[in-house]
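> File data23.cif below, mmCIF, C-alpha atoms:
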```
data_my_file
loop_
_atom_site.label_atom_id
_atom_site.label_comp_id
_atom_site.auth_asym_id
_atom_site.auth_seq_id
_atom_site.Cartn_x
_atom_site.Cartn_y
_atom_site.Cartn_z
CA MET A 217 198.69 227.12 -56.77
CA PHE A 218 200.20 224.08 -55.04
CA LEU A 219 203.71 225.48 -55.44
CA ILE A 220 203.01 228.58 -53.33
CA PRO A 221 202.51 228.20 -49.55
CA ASP A 222 198.99 228.91 -48.31
CA PRO A 223 199.79 231.93 -46.09
CA VAL A 224 201.39 233.69 -49.09
CA VAL A 225 198.32 233.03 -51.25
CA ARG A 226 196.06 234.33 -48.47
CA PHE A 227 198.24 237.46 -48.08
CA PHE A 228 197.94 238.31 -51.78
CA HIS A 229 194.21 237.59 -51.82
CA ARG A 230 193.69 240.01 -48.96
CA MET A 231 196.00 242.62 -50.49
CA ALA A 232 193.88 242.57 -53.64
CA SER A 233 191.01 244.01 -51.60
CA PRO A 234 191.19 247.83 -51.82
CA PRO A 235 190.16 248.72 -48.21
CA HIS A 236 192.58 246.17 -46.80
CA PHE A 237 195.40 247.37 -49.05
CA TYR A 238 194.74 250.98 -48.07
CA ALA A 239 194.79 250.26 -44.34
CA PHE A 240 197.74 247.89 -44.52
CA THR A 241 200.00 250.24 -46.50
CA GLN A 242 199.14 253.04 -44.09
CA ARG A 243 200.46 250.97 -41.19
CA LEU A 244 203.47 249.83 -43.25
CA MET A 245 204.58 253.29 -44.37
CA PRO A 246 206.43 254.54 -41.23
CA TRP A 247 208.46 251.32 -41.12
CA LEU A 248 209.44 251.66 -44.76
CA VAL A 249 210.52 255.26 -44.22
CA VAL A 250 212.64 254.37 -41.16
CA ILE A 251 214.35 251.46 -42.95
CA PHE A 252 214.96 253.63 -46.02
CA LEU A 253 216.54 256.43 -43.98
CA LEU A 254 218.77 254.05 -42.00
CA LEU A 255 219.97 252.23 -45.12
CA THR A 256 220.61 255.46 -47.01
CA ALA A 257 222.56 256.96 -44.11
CA ALA A 258 224.66 253.80 -43.77
CA GLY A 259 225.16 253.49 -47.53
CA LEU A 260 226.19 257.11 -48.03
CA TYR A 261 228.49 257.09 -45.00
CA GLY A 262 230.10 253.88 -46.22
CA GLY A 263 230.32 255.01 -49.83
CA LEU A 264 231.43 258.61 -49.41
CA TYR A 265 233.52 258.32 -46.26
CA LEU A 266 234.58 254.76 -45.37
CA ALA A 267 235.20 253.33 -48.84
CA PRO A 268 238.71 253.92 -50.22
CA ALA A 269 239.45 255.85 -53.41
CA ASP A 270 239.72 253.84 -56.61
CA TYR A 271 243.15 252.95 -58.05
CA GLN A 272 242.25 254.42 -61.46
CA GLN A 273 239.48 256.93 -60.97
CA GLY A 274 240.32 258.31 -57.53
CA ASP A 275 237.35 259.84 -55.72
CA SER A 276 235.36 260.43 -58.91
CA TYR A 277 234.14 256.84 -58.91
CA ARG A 278 231.95 257.57 -55.86
CA ILE A 279 229.11 258.64 -58.14
CA ILE A 280 228.73 254.86 -58.56
CA TYR A 281 226.74 254.86 -55.30
CA ILE A 282 223.95 256.79 -57.02
CA HIS A 283 224.44 255.79 -60.63
CA VAL A 284 224.50 252.00 -60.34
CA PRO A 285 221.61 251.58 -57.84
CA SER A 286 219.50 253.96 -59.99
CA ALA A 287 220.29 251.97 -63.12
CA TRP A 288 219.43 248.70 -61.35
CA MET A 289 216.16 250.26 -60.16
CA SER A 290 215.28 251.42 -63.68
CA LEU A 291 215.34 247.77 -64.83
CA PHE A 292 213.81 246.31 -61.65
CA ILE A 293 210.85 248.72 -61.60
CA TYR A 294 210.20 248.10 -65.27
CA MET A 295 209.91 244.36 -64.60
CA VAL A 296 207.56 244.99 -61.64
CA MET A 297 205.47 247.28 -63.82
CA ALA A 298 205.26 244.78 -66.69
CA VAL A 299 204.49 241.79 -64.43
CA ALA A 300 201.85 243.75 -62.49
CA GLY A 301 200.39 244.93 -65.77
CA GLY A 302 200.31 241.35 -67.04
CA ILE A 303 198.55 240.16 -63.87
CA GLY A 304 196.05 242.98 -64.34
CA LEU A 305 195.45 241.89 -67.94
CA VAL A 306 194.93 238.21 -67.16
CA TRP A 307 193.16 238.28 -63.79
CA ARG A 308 191.66 241.80 -64.06
CA ILE A 309 192.84 242.64 -60.55
CA LYS A 310 192.38 246.34 -60.01
CA LEU A 311 195.25 246.64 -57.55
CA ALA A 312 197.72 245.06 -59.98
CA GLU A 313 196.76 247.71 -62.54
CA ILE A 314 197.28 250.41 -59.94
CA VAL A 315 200.69 249.06 -58.88
CA ALA A 316 201.73 248.97 -62.56
CA ILE A 317 200.83 252.57 -63.33
CA SER A 318 202.09 253.87 -59.98
CA SER A 319 205.50 252.35 -60.72
CA ALA A 320 205.95 254.21 -64.02
CA PRO A 321 206.85 257.71 -62.76
CA VAL A 322 209.21 256.26 -60.12
CA GLY A 323 210.92 254.09 -62.73
CA ALA A 324 211.16 257.00 -65.16
CA SER A 325 212.81 259.11 -62.45
CA PHE A 326 215.40 256.44 -61.67
CA THR A 327 216.13 256.02 -65.39
CA PHE A 328 216.59 259.77 -65.71
CA ILE A 329 218.91 259.83 -62.67
CA ALA A 330 220.95 256.94 -64.11
CA LEU A 331 221.33 258.78 -67.43
CA VAL A 332 222.26 262.12 -65.84
CA THR A 333 224.74 260.70 -63.29
CA GLY A 334 226.24 258.54 -66.05
CA SER A 335 226.71 261.62 -68.17
CA LEU A 336 228.34 263.52 -65.29
CA TRP A 337 230.62 260.54 -64.73
CA GLY A 338 231.40 260.14 -68.42
CA LYS A 339 232.73 263.65 -68.95
CA PRO A 340 235.74 263.45 -66.59
CA MET A 341 236.46 259.72 -67.14
CA TRP A 342 235.74 259.00 -70.79
CA GLY A 343 236.09 262.58 -71.98
CA THR A 344 232.54 262.92 -73.28
CA TRP A 345 229.04 263.54 -71.88
CA TRP A 346 227.28 261.16 -74.24
CA VAL A 347 228.02 258.53 -76.89
CA TRP A 348 225.55 256.49 -78.92
CA ASP A 349 226.82 253.10 -77.77
CA ALA A 350 224.48 250.18 -77.16
CA ARG A 351 224.24 250.59 -73.36
CA LEU A 352 223.52 254.30 -73.32
CA THR A 353 221.10 254.12 -76.24
CA SER A 354 219.09 251.19 -74.85
CA GLU A 355 218.81 252.93 -71.47
CA LEU A 356 217.53 256.06 -73.22
CA ILE A 357 214.92 253.90 -74.99
CA LEU A 358 213.89 252.63 -71.54
CA LEU A 359 213.22 256.24 -70.48
CA PHE A 360 211.04 256.72 -73.58
CA LEU A 361 209.16 253.49 -72.79
CA TYR A 362 208.38 254.78 -69.30
CA LEU A 363 207.28 258.15 -70.70
CA GLY A 364 205.16 256.32 -73.29
CA VAL A 365 203.45 254.34 -70.53
CA ILE A 366 202.71 257.51 -68.55
CA GLY A 367 201.50 259.36 -71.64
CA LEU A 368 199.27 256.52 -72.87
CA TYR A 369 197.66 256.15 -69.45
CA GLY A 370 196.93 259.85 -69.33
CA ALA A 371 195.49 259.89 -72.87
CA ILE A 372 192.71 257.35 -72.20
CA ASP A 373 189.86 258.54 -69.99
CA ASP A 374 188.52 255.18 -68.85
CA LYS A 375 191.23 254.05 -66.45
CA ARG A 376 190.49 250.33 -66.73
CA THR A 377 190.88 250.50 -70.51
CA ALA A 378 193.96 252.69 -70.06
CA SER A 379 195.50 250.10 -67.72
CA ARG A 380 195.04 247.37 -70.31
CA ALA A 381 196.61 249.44 -73.07
CA VAL A 382 199.51 250.41 -70.81
CA ALA A 383 200.09 246.78 -69.76
CA ILE A 384 200.44 245.69 -73.41
CA LEU A 385 202.91 248.50 -74.11
CA ALA A 386 204.90 247.62 -70.96
CA LEU A 387 204.94 243.89 -71.83
CA VAL A 388 206.18 244.50 -75.38
CA GLY A 389 208.88 246.79 -73.98
CA VAL A 390 210.19 243.98 -71.77
CA VAL A 391 212.41 242.89 -74.69
CA ASN A 392 214.53 245.97 -73.97
CA ILE A 393 215.45 244.77 -70.47
CA PRO A 394 217.81 241.90 -71.45
CA ILE A 395 219.16 244.12 -74.22
CA ILE A 396 220.18 246.77 -71.68
CA HIS A 397 221.71 244.19 -69.37
CA TYR A 398 223.67 242.30 -72.03
CA SER A 399 224.45 245.29 -74.29
CA VAL A 400 227.94 245.57 -72.82
CA GLU A 401 228.63 241.89 -73.55
CA TRP A 402 226.98 241.51 -76.96
CA TRP A 403 228.52 244.60 -78.55
CA ASN A 404 231.59 246.80 -78.22
CA THR A 405 230.62 249.71 -76.03
CA LEU A 406 232.38 252.62 -74.39
CA HIS A 407 230.47 251.74 -71.23
CA GLN A 408 232.29 249.24 -69.01
CA GLY A 409 231.23 245.61 -68.67
CA PRO A 410 229.33 244.30 -65.62
CA THR A 411 231.13 244.67 -62.27
CA VAL A 412 228.64 243.04 -59.89
CA THR A 413 225.78 241.44 -61.85
CA LYS A 414 227.68 238.59 -63.45
CA MET A 415 228.31 234.92 -62.76
CA ASP A 416 231.89 235.57 -61.67
CA LYS A 417 232.99 237.09 -58.41
CA PRO A 418 232.26 240.87 -58.39
CA SER A 419 235.22 242.91 -59.75
CA ILE A 420 234.91 245.46 -56.97
CA HIS A 421 236.72 245.46 -53.66
CA VAL A 422 234.50 244.33 -50.77
CA SER A 423 234.94 247.67 -48.94
CA MET A 424 233.41 249.41 -51.96
CA LEU A 425 230.82 246.71 -52.65
CA ILE A 426 229.04 246.74 -49.28
CA PRO A 427 227.98 250.43 -49.44
CA LEU A 428 226.87 249.84 -53.04
CA LEU A 429 224.60 246.98 -52.01
CA LEU A 430 223.28 249.02 -49.05
CA MET A 431 222.37 251.83 -51.44
CA ALA A 432 220.74 249.34 -53.80
CA ILE A 433 218.49 248.03 -51.00
CA ALA A 434 217.81 251.58 -49.78
CA PHE A 435 216.63 252.53 -53.29
CA LYS A 436 214.30 249.49 -53.28
CA PHE A 437 212.67 250.85 -50.12
CA TYR A 438 212.43 254.31 -51.63
CA TYR A 439 210.65 252.77 -54.59
CA LEU A 440 208.21 250.98 -52.26
CA ILE A 441 207.47 254.24 -50.44
CA ALA A 442 206.99 256.33 -53.58
CA MET A 443 205.05 253.65 -55.46
CA LEU A 444 202.73 252.83 -52.54
CA GLN A 445 201.96 256.52 -51.92
CA ARG A 446 201.03 256.91 -55.57
CA ALA A 447 199.03 253.67 -55.50
CA ARG A 448 197.04 254.83 -52.44
CA THR A 449 196.14 258.11 -54.14
CA GLU A 450 195.24 256.37 -57.39
CA LEU A 451 193.12 253.87 -55.45
CA LEU A 452 191.16 256.64 -53.71
CA LEU A 453 190.58 258.37 -57.05
CA ARG A 454 189.30 255.20 -58.72
CA GLU A 455 187.21 254.12 -55.70
CA ARG A 456 185.88 257.56 -54.82
CA ASN A 457 182.27 256.30 -55.11
CA ALA A 458 182.87 253.08 -53.17
CA GLN A 459 181.29 252.58 -49.79
CA TRP A 460 184.59 252.00 -47.92
CA VAL A 461 185.96 255.37 -49.04
CA LYS A 462 182.74 257.11 -47.97
CA ASN A 463 182.84 255.35 -44.61
CA MET A 464 186.48 256.34 -44.11
CA ILE A 465 185.73 260.00 -44.88
CA SER A 466 182.70 260.14 -42.60
CA GLU A 467 184.72 258.52 -39.80
CA SER A 468 187.49 261.10 -40.08
CA LYS A 469 185.04 264.03 -39.94
CA MET B 144 192.40 228.46 -64.06
CA LYS B 145 189.32 229.71 -65.90
CA PRO B 146 189.47 229.19 -69.70
CA ALA B 147 189.17 232.93 -70.45
CA ARG B 148 192.12 233.73 -68.19
CA LYS B 149 194.17 230.90 -69.60
CA GLN B 150 193.52 232.18 -73.11
CA ARG B 151 194.58 235.70 -72.15
CA LEU B 152 197.73 234.36 -70.49
CA ILE B 153 198.64 232.38 -73.63
CA LEU B 154 197.94 235.42 -75.83
CA ILE B 155 200.21 237.60 -73.70
CA GLY B 156 202.91 234.94 -73.76
CA LEU B 157 202.74 234.76 -77.56
CA MET B 158 202.82 238.56 -77.82
CA VAL B 159 205.96 238.85 -75.68
CA LEU B 160 207.58 235.96 -77.56
CA GLY B 161 206.74 237.56 -80.92
CA ALA B 162 208.14 240.91 -79.86
CA ALA B 163 211.30 239.22 -78.59
CA LEU B 164 211.77 237.29 -81.84
CA ALA B 165 211.21 240.36 -84.02
CA THR B 166 213.66 242.40 -81.94
CA GLY B 167 216.16 239.54 -81.94
CA PHE B 168 216.17 239.30 -85.75
CA ALA B 169 216.36 243.07 -86.13
CA LEU B 170 219.32 243.32 -83.76
CA LYS B 171 221.04 240.42 -85.47
CA SER B 172 220.78 242.07 -88.88
CA PHE B 173 222.06 245.39 -87.50
CA ASN B 174 224.74 243.72 -85.41
CA GLU B 175 227.69 245.48 -87.08
CA ASN B 176 226.07 248.91 -86.84
CA LEU B 177 225.56 248.40 -83.12
CA MET B 178 229.28 247.94 -82.53
CA TYR B 179 230.53 251.18 -81.10
CA PHE B 180 234.06 250.62 -82.41
CA PHE B 181 236.17 248.39 -84.65
CA SER B 182 238.91 246.24 -83.13
CA THR B 183 242.52 246.45 -84.25
CA THR B 184 242.17 243.00 -85.86
CA ASP B 185 239.28 244.35 -87.99
CA VAL B 186 241.56 247.15 -89.21
CA VAL B 187 244.51 244.88 -90.00
CA GLU B 188 242.25 242.45 -91.86
CA GLY B 189 240.74 245.32 -93.88
CA LYS B 190 237.22 245.09 -92.41
CA ALA B 191 237.26 248.72 -91.29
CA PRO B 192 236.04 251.42 -93.74
CA LYS B 193 238.62 253.08 -96.03
CA ASP B 194 238.58 256.86 -96.49
CA ALA B 195 235.84 257.22 -93.92
CA LEU B 196 235.72 258.14 -90.26
CA PHE B 197 235.23 255.27 -87.85
CA ARG B 198 236.00 254.38 -84.25
CA LEU B 199 238.87 252.16 -83.24
CA GLY B 200 239.07 250.57 -79.81
CA GLY B 201 241.86 248.73 -78.07
CA MET B 202 244.40 248.70 -75.29
CA VAL B 203 247.37 251.08 -75.33
CA ILE B 204 250.50 248.91 -75.48
CA LYS B 205 252.83 249.53 -72.54
CA GLY B 206 255.89 251.55 -73.56
CA SER B 207 254.50 252.45 -76.98
CA VAL B 208 253.47 256.05 -76.18
CA GLU B 209 255.87 258.61 -77.70
CA ARG B 210 255.86 262.27 -78.69
CA PRO B 211 258.02 262.24 -81.86
CA ASN B 212 258.49 265.99 -82.37
CA ASP B 213 258.08 267.24 -78.78
CA GLY B 214 254.75 268.82 -79.71
CA MET B 215 251.15 268.03 -79.04
CA MET B 216 251.26 265.07 -81.40
CA VAL B 217 251.34 261.76 -79.59
CA ARG B 218 251.87 258.37 -81.22
CA PHE B 219 251.00 255.03 -79.64
CA LYS B 220 250.11 251.47 -80.53
CA LEU B 221 246.72 249.90 -79.86
CA THR B 222 246.18 246.18 -79.52
CA ASP B 223 243.39 243.64 -78.96
CA PHE B 224 246.09 241.14 -77.93
CA SER B 225 246.18 239.75 -81.46
CA LYS B 226 246.96 242.57 -83.96
CA ASP B 227 248.39 246.08 -83.42
CA VAL B 228 247.57 249.42 -85.06
CA THR B 229 249.59 252.62 -84.72
CA VAL B 230 247.57 255.72 -83.80
CA GLU B 231 248.54 259.38 -84.07
CA TYR B 232 246.62 262.06 -82.21
CA THR B 233 247.14 265.78 -81.76
CA GLY B 234 245.33 267.26 -78.78
CA ILE B 235 244.65 266.85 -75.11
CA LEU B 236 244.26 263.27 -73.90
CA PRO B 237 241.63 262.36 -71.27
CA ASP B 238 242.78 261.93 -67.66
CA LEU B 239 242.31 258.18 -67.73
CA PHE B 240 244.52 257.77 -70.81
CA ARG B 241 247.50 255.70 -69.78
CA GLU B 242 249.52 252.76 -70.98
CA GLY B 243 247.77 249.44 -70.45
CA GLN B 244 244.30 251.07 -70.48
CA GLY B 245 241.54 250.70 -73.03
CA ILE B 246 240.66 253.66 -75.27
CA VAL B 247 238.34 254.41 -78.18
CA ALA B 248 239.65 256.72 -80.91
CA HIS B 249 237.60 258.39 -83.66
CA GLY B 250 239.33 259.12 -86.95
CA LYS B 251 240.50 257.46 -90.18
CA LEU B 252 243.36 255.50 -91.68
CA ASN B 253 245.99 257.18 -93.84
CA GLU B 254 247.82 255.53 -96.77
CA GLN B 255 250.46 254.02 -94.49
CA GLY B 256 247.83 252.27 -92.38
CA VAL B 257 248.33 254.67 -89.46
CA PHE B 258 245.12 255.69 -87.71
CA ILE B 259 244.87 259.48 -87.51
CA ALA B 260 242.60 260.18 -84.54
CA GLU B 261 240.48 263.31 -84.19
CA GLU B 262 239.14 262.36 -80.77
CA VAL B 263 240.37 259.98 -78.07
CA LEU B 264 238.05 258.67 -75.32
CA ALA B 265 239.21 256.60 -72.37
CA LYS B 266 237.40 253.33 -71.70
CA HIS B 267 237.81 252.31 -68.08
CA ASP B 268 237.36 248.67 -67.13
CA GLU B 269 234.96 247.09 -64.63
CA ASN B 270 237.50 246.73 -61.80
CA TYR B 271 237.22 248.88 -58.70
CA MET B 272 239.76 248.56 -55.89
CA PRO B 273 241.86 250.67 -53.55
CA PRO B 274 245.40 251.57 -54.77
CA GLU B 275 247.00 249.38 -52.03
CA VAL B 276 245.23 246.30 -53.37
CA LYS B 277 246.40 247.07 -56.89
CA GLY B 278 249.95 247.44 -55.54
CA SER B 279 249.88 244.10 -53.75
CA LEU B 280 248.44 242.38 -56.83
CA LYS B 281 251.46 243.56 -58.82
CA LYS B 282 253.88 242.17 -56.27
CA GLN B 283 252.47 238.67 -56.49
CA PRO B 284 254.64 236.30 -58.53
CA PRO B 285 253.29 235.73 -62.04
CA VAL B 286 251.11 232.65 -62.46
CA ALA B 287 252.89 229.80 -64.22
CA GLY B 288 252.09 229.62 -67.91
CA GLN B 289 251.54 233.37 -68.34
#
```
As structure tokens, please, write out the structure in this file.


Amino acid sequence: MFLIPDPVVRFFHRMASPPHFYAFTQRLMPWLVVIFLLLTAAGLYGGLYLAPADYQQGDSYRIIYIHVPSAWMSLFIYMVMAVAGGIGLVWRIKLAEIVAISSAPVGASFTFIALVTGSLWGKPMWGTWWVWDARLTSELILLFLYLGVIGLYGAIDDKRTASRAVAILALVGVVNIPIIHYSVEWWNTLHQGPTVTKMDKPSIHVSMLIPLLLMAIAFKFYYLIAMLQRARTELLLRERNAQWVKNMISESK
Amino acid sequence: MKPARKQRLILIGLMVLGAALATGFALKSFNENLMYFFSTTDVVEGKAPKDALFRLGGMVIKGSVERPNDGMMVRFKLTDFSKDVTVEYTGILPDLFREGQGIVAHGKLNEQGVFIAEEVLAKHDENYMPPEVKGSLKKQPPVAGQ
């Protein structure tokens, strides 16, 4: 633990306590919503209005401002889910389990949005809705992994056992993440190569890049909002017999 | 760290490593099937299937697009900057089809080694920029050695 500064360690220790987590996220929520709304407004205004049209694709490329941040989120949330699941497995921290399972529906939604917007983009540009190339196929497998996680969790009644099973599934599925990212470099695909997430300078004009990054951060905040709301509900369900929940209910009466 | 936790952490690490290795070997053995298209060099060197449909990808050579009998049939040359293949296609081309752009065609080779395409898809690259920037890039003097 000597690598991590003490205040950070203390923060995580306190966050692992359910009543503290519940109260803290309640206070955090309005801030997250405000930041999300501001970033989304700025990102959409920049992307749909300020950014110029593309030299090849004209205005059609603007779907990038939904498609690419969603695709990034689908990978990012999966990693959060797997790492949280792994922490739950090793340290048996209840809140890590809850963060893992609360991430799954949000991640599945972003994966679905990435697939649908990609399809809508593919039809006018490539000339087809769908092809079975490595990028599209591996992203579809990611959607099935998310759905598998959600399904498995729902199928097991004891939620602590369910969390362990789900964490193993999520951790095994991590192999798909580098495959999705590198699919466009390892194999010939119809999907384009990386524009931003590569070692080189991004191959996108800065006036188009800034709104894209704004949207990417906005989507991160949306994820935090959606995931934390789910986590709070899940926490109440699991802790419904705990004293702090009873106290909270009797106070609000 | 407590021994039980350490053991679980090691087990998880081994599990992820095992899954990665298994997937890595599987992908390696299916490598060719995962290629969405063959390159023009593959076709010239005879690596592409004969008498069977396959996909051919490459860049449309500038100035090679022609309509020989003023009909719907269009003929052009594809390249991967090493070997060229002539493609014939009858039908409507996608909007992004233009000289100097990448495309993927689905079809088969005839006896003369001409690729008869049944479907042509446009493959756009990873560059995004306003038209003015593209224009000013063209005006720049060519880099020495190119």

> Compare A:Leu385, A:Leu444, A:Val322, A:Ile372 by their minimum atom-to-atom distance to chain B, counting all atoms listed in the file, and give me the closest one.

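Ranked by minimum distance to chain B, first place goes to A:Leu385.
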
> Please write the residues picked by the PyMOL selection byres ((chain A) within 6 of (chain B)) on this file as a list in words.

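Here the PyMOL selection byres ((chain A) within 6 of (chain B)) matches Pro268, Ala269, Asp270, Tyr271, Val306, Trp342, Gly343, Asp349, Val388, Val391, Trp403, Asn404, Thr405, Leu406, Gln408, Gly409, Thr411, Ser419, Ile420 and His421 of chain A.
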
> For those residues, write C-alpha atoms to a file as a compact mmCIF listing (two decimals), in the coordinates of the input.


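The resulting file, result18.txt, is shown below:
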```txt
# COMPACT_ATOMS: atom_id res chain seq x y z
CA PRO A 268 238.71 253.92 -50.22
CA ALA A 269 239.45 255.85 -53.41
CA ASP A 270 239.72 253.84 -56.61
CA TYR A 271 243.15 252.95 -58.05
CA VAL A 306 194.93 238.21 -67.16
CA TRP A 342 235.74 259.00 -70.79
CA GLY A 343 236.09 262.58 -71.98
CA ASP A 349 226.82 253.10 -77.77
CA VAL A 388 206.18 244.50 -75.38
CA VAL A 391 212.41 242.89 -74.69
CA TRP A 403 228.52 244.60 -78.55
CA ASN A 404 231.59 246.80 -78.22
CA THR A 405 230.62 249.71 -76.03
CA LEU A 406 232.38 252.62 -74.39
CA GLN A 408 232.29 249.24 -69.01
CA GLY A 409 231.23 245.61 -68.67
CA THR A 411 231.13 244.67 -62.27
CA SER A 419 235.22 242.91 -59.75
CA ILE A 420 234.91 245.46 -56.97
CA HIS A 421 236.72 245.46 -53.66
```

> Select, from B:Leu252, B:Ile259, B:Val186, B:Val230, the residue with the minimum atom-to-atom distance to B:Arg218, counting all atoms listed in the file.

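Closest residue, counting all atoms listed in the file: B:Val230.
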
> Within 9 Å of stretch 460-468 of chain A, counting all atoms listed in the file, which residues qualify if same-chain residues fewer than 6 places away don't, as a list in words?

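Close residues of stretch 460-468 of chain A: Pro234, Pro235 and Leu452 of chain A.
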
> With the PyMOL selection byres ((chain B and resi 193) around 8) as the selection, what would be picked from this file? Answer as a list of chain:residue names, please.

B:Ala191, B:Pro192, B:Asp194, B:Ala195, B:Lys251, B:Leu252

> Assuming the chain letters and numbering stay as they are in my file, what does the PyMOL selection byres ((chain A and resi 318) around 8) actually select? List them as an MDAnalysis selection string.

chainID A and resid 314:317 319:322 443:444 446:447 450

> Enter the distance from atom CA of B:Met202 to atom CA of B:Gly243, in Å, rounded to one decimal.

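These atoms are spaced 5.9 Å apart.
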
> Rank A:Ala267, A:Thr353, A:Phe437, A:Ile396 by their smallest atom-to-atom distance to A:Val422, using only C-alpha atoms, and report the top residue only.

A:Ala267

> One number please: atom CA of A:Pro394 to atom CA of A:Ser423, in Å, one decimal.

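Computed distance, atom CA of A:Pro394 to atom CA of A:Ser423, equals 28.9 Å.
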
> How many Å separate atom CA of A:Gln242 from atom CA of A:Arg308?

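Value for the atom CA of A:Gln242-atom CA of A:Arg308 distance: 24.1 Å.
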
> Using all atoms listed in the file, which of the listed residues (A:Pro427, A:Pro246, A:Pro285, A:Pro223) sits closest to A:Ile441?

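Closest to A:Ile441, using all atoms listed in the file: A:Pro246.
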